[in-house]
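J.: Here it is, the structure in full.
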Amino acid sequence: MKVLVTGGAGFIGSHVVDALVKEGHSVAVVDDLSMGKREQVHPSARFYPADIRNRQTLEEVFRIERPEVVNHHAAQVDLRRSMTEPSFDASVNIVGSLNLLELALAYEARKFINISSGGAVYGEPQRLPVDECHPIRPMSAYGVSKYTVEQYLRLFDGSGLDCSILRYANVYGPRQDPAGEAGVVAIFSRQMLAGERPTIFGDGTKTRDYVYVDDIVAANLLAMAEKQASGRSYNIGLGREVSDRQIFESVRRAVGAALEPILASKRPGEIDRICLDASLAKAELGWEPTIFLEEGIARTVAFYRG
Ligand SMILES: NC(=O)c1ccc[n+]([C@@H]2O[C@H](COP(=O)([O-])OP(=O)(O)OC[C@H]3O[C@@H](n4cnc5c(N)ncnc54)[C@H](O)[C@@H]3O)[C@@H](O)[C@H]2O)c1
């Protein structure tokens, strides 16, 4: 199949591209390299260094490629920047996504897989694990922009274009940029391997749900194979709360270090706890996680060790 992956030079997108190429698909990548790296793009994928905000350049890519599937990973991923520059966040995450949606419709793509954030759209959970029926109360402009695009896609789902939305938990694994949305495993790994003491913001009890990047790739492949137009949003996570302190200790074990963390005050705007109920993804897509924390962290640390 002809697949266009946006953000395919980034952390998660590049792993999705590798898997698609491996499965024999014809893959094109759009990425402006603002965060991604050219060398992370699989050599068999055709690379277009383009900004999704630039409608004209994007249309040229669609005219050449005529993708059957659009897999949309490109995004402004910095939560803090989304609050200081919400218009920039919206220009990439909303308008850029709408450019892609309009072109997917105009060039008669069959499927649009959109990436959203389970950590950002729900806000502070009222119950755990959070399922897709949980109220949506984003606490950042990034969460607002991610959810807004979900809403647009539902308006167009089924009009010849099937849309699936994946709401990721905290993704970790090789190639993660420590500056990205949820880079704590990457940050701790790099720092401890360099003999530095990582900083934990807060008292270490803040929790997140960590999902290894290979399981995220599997969710994308399953969403691509989904037959029915669903317009659905699927949580992709393990449903397990893992604290900052647990991540610290797991990375420390994998590195073989004997460092203690520096404790700093909690950062504003961050939720205290979250984990996602992925039962819907299991029932509808057949998705289940296969790599659990210790194994995933061991693989990630091995990558950063080089
Ligand atoms: N990492 C996580 O834990 C996590 C969690 C939830 C959702 N997500 C989502 O997954 C997707 C991928 O995130 P990631 O963690 O791999 O981050 P990433 O920064 O590594 O990947 C994003 C890619 O998009 C590219 N990009 C940014 N702006 C662009 C633009 N205007 N035009 C073209 N390309 C542009 C960047 O260069 C980068 O390669 C994003 O949509 C993000 O919101 C990530």
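Identifiers for the structure tokens are assigned positionally: chains receive A, B, ... in sequence, residues are indexed from 1 per chain, and ligands are indexed from 1 in the order shown.
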Env of Lys111 (chain A): 6 Å cut, atoms = only C-alpha atoms, seq-sep filter 4 positions within chain, self excluded. Answer as a PyMOL selection string.
T.: chain A and resi 69+161-163
J.: Please identify the strand (DSSP E or B) residues within region 16-46 of chain A (assignment by DSSP from backbone atoms) and present them as number ranges by chain.
T.: A: 26-30, 46
J.: Measuring atom to atom with only C-alpha atoms, identify which of A:Ser97, A:Ser87, A:Ser140, A:Asn220 is nearest to Val3 (chain A).
T.: A:Asn220
J.: Which residue out of A:Thr148, A:Ser14, A:Thr207, A:Thr84 has the minimum interatomic distance to ligand 1 when only C-alpha atoms and all ligand atoms are used?
T.: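 When distances to ligand 1 are compared using only C-alpha atoms and all ligand atoms, the smallest one comes from A:Ser14.
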J.: Once you count only C-alpha atoms and all ligand atoms, which residues end up within 8 Å of ligand 1, and could you hand them over as a PyMOL selection string?
T.: chain A and resi 6-14+30-37+49-53+72-77+92-93+96+114-120+146+167-172+175-177+180-183
J.: Might you pull out every residue within 7 Å of Arg245 (chain A), with only C-alpha atoms counted and same-chain residues fewer than 3 positions away left off, and present them as JSON, numbers by chain?
T.: {"A": [204, 205, 248, 249]}
J.: Any chance you can output those residues with N, CA, C and O atoms as a CSV table (one decimal), in the first residue's frame?
T.:
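Dumped everything to selection.csv:
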chain,number,residue,atom,x,y,z
A,204,GLY,N,8.3,12.5,43.5
A,204,GLY,CA,8.6,11.2,42.9
A,204,GLY,C,7.3,10.3,42.8
A,204,GLY,O,7.4,9.2,42.2
A,205,THR,N,6.2,10.8,43.3
A,205,THR,CA,5.0,9.9,43.3
A,205,THR,C,4.1,10.2,42.1
A,205,THR,O,3.1,9.5,41.9
A,248,PHE,N,12.9,6.1,37.7
A,248,PHE,CA,14.3,6.4,38.2
A,248,PHE,C,15.0,5.1,38.6
A,248,PHE,O,16.1,4.8,38.1
A,249,GLU,N,14.3,4.3,39.4
A,249,GLU,CA,14.9,3.1,39.9
A,249,GLU,C,15.2,2.0,38.8
A,249,GLU,O,16.2,1.3,38.8
J.: Near Ser230 (chain A), counting only C-alpha atoms, which residues have an atom at most 8 Å away, once you skip same-chain residues fewer than 2 positions from it, shown as a list in words?
T.: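 After dropping sequence-adjacent residues, the list is Asp157, Gly158, Asp162, Cys163, Ser164, Gln228 and Arg232 of chain A.
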J.: At most 7 Å is the cut-off: for each residue in region 155-202 of chain A with any atom that close to an atom of region 262-275 of chain A, write down the nearest atom pair and the distance in Å rounded to one decimal, counting only C-alpha atoms, chain first then increasing number, as JSON lines.
T.:
{"residue": "A:Arg197", "atom": "CA", "partner": "A:Ile262", "partner_atom": "CA", "distance": 6.5}
{"residue": "A:Pro198", "atom": "CA", "partner": "A:Ile262", "partner_atom": "CA", "distance": 6.1}
{"residue": "A:Thr199", "atom": "CA", "partner": "A:Ile262", "partner_atom": "CA", "distance": 4.5}
{"residue": "A:Ile200", "atom": "CA", "partner": "A:Leu263", "partner_atom": "CA", "distance": 5.1}
{"residue": "A:Phe201", "atom": "CA", "partner": "A:Lys266", "partner_atom": "CA", "distance": 4.7}
{"residue": "A:Gly202", "atom": "CA", "partner": "A:Lys266", "partner_atom": "CA", "distance": 4.0}
J.: For a test of reading the model, state the distance in Å between CA of Arg80 (chain A) and CA of Gly143 (chain A), rounded to one decimal.
T.: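 Interatomic distance here is 11.2 Å.
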J.: Which residues come within 12 Å of Gly256 (chain A), counting only C-alpha atoms, excluding same-chain residues fewer than 2 positions away, as a list in words?
T.: Ser189, Met192, Leu193, Ala194, Gly195, Phe248, Glu249, Ser250, Val251, Arg252, Arg253, Ala254, Ala258, Leu259, Ala298, Val301, Ala302 and Arg305 of chain A
J.: Fewer than 2 positions away in the same chain doesn't count, so skip those; otherwise give me all residues within 10 Å of Ala45 (chain A), counting only C-alpha atoms, as a list in words.
T.: Val3, Leu4, Val5, Gly8, Val17, Asp18, Leu20, Val21, His25, Ser26, Val27, Ala28, Val29, Val41, His42, Pro43, Phe47 and Tyr48 of chain A
J.: Store the residues picked out above, limited to N, CA and C atoms, as a compact mmCIF listing (two decimals), in the first residue's frame.
T.:
# COMPACT_ATOMS: atom_id res chain seq x y z
N VAL A 3 1.74 4.61 1.58
CA VAL A 3 1.50 5.24 2.88
C VAL A 3 2.35 6.51 3.00
N LEU A 4 1.72 7.59 3.42
CA LEU A 4 2.44 8.83 3.73
C LEU A 4 2.51 8.98 5.24
N VAL A 5 3.72 9.02 5.78
CA VAL A 5 3.89 9.19 7.22
C VAL A 5 4.42 10.60 7.48
N GLY A 8 7.81 11.40 10.09
CA GLY A 8 8.52 10.11 9.94
C GLY A 8 10.01 10.19 10.21
N VAL A 17 7.65 4.04 10.24
CA VAL A 17 8.16 3.93 8.86
C VAL A 17 8.95 2.63 8.70
N ASP A 18 9.85 2.34 9.64
CA ASP A 18 10.66 1.11 9.56
C ASP A 18 9.76 -0.12 9.43
N LEU A 20 6.59 -0.27 8.41
CA LEU A 20 5.83 -0.27 7.15
C LEU A 20 6.72 -0.74 5.99
N VAL A 21 7.96 -0.25 5.97
CA VAL A 21 8.89 -0.68 4.91
C VAL A 21 9.12 -2.18 5.03
N HIS A 25 5.35 -2.11 2.36
CA HIS A 25 4.58 -0.96 1.88
C HIS A 25 5.50 0.05 1.19
N SER A 26 4.88 0.87 0.35
CA SER A 26 5.61 1.93 -0.33
C SER A 26 5.45 3.21 0.51
N VAL A 27 6.53 3.69 1.11
CA VAL A 27 6.40 4.71 2.15
C VAL A 27 7.04 6.04 1.74
N ALA A 28 6.28 7.11 1.96
CA ALA A 28 6.82 8.47 1.79
C ALA A 28 6.75 9.16 3.14
N VAL A 29 7.73 10.03 3.40
CA VAL A 29 7.80 10.73 4.69
C VAL A 29 7.80 12.23 4.45
N VAL A 41 15.28 8.51 8.98
CA VAL A 41 14.32 8.09 7.94
C VAL A 41 14.89 6.88 7.21
N HIS A 42 14.10 5.82 7.16
CA HIS A 42 14.54 4.60 6.49
C HIS A 42 14.98 4.90 5.06
N PRO A 43 16.13 4.36 4.63
CA PRO A 43 16.64 4.68 3.29
C PRO A 43 15.68 4.30 2.16
N PHE A 47 11.78 10.78 0.97
CA PHE A 47 11.73 11.82 2.00
C PHE A 47 11.43 13.19 1.40
N TYR A 48 10.43 13.86 1.96
CA TYR A 48 10.09 15.23 1.56
C TYR A 48 10.29 16.15 2.76
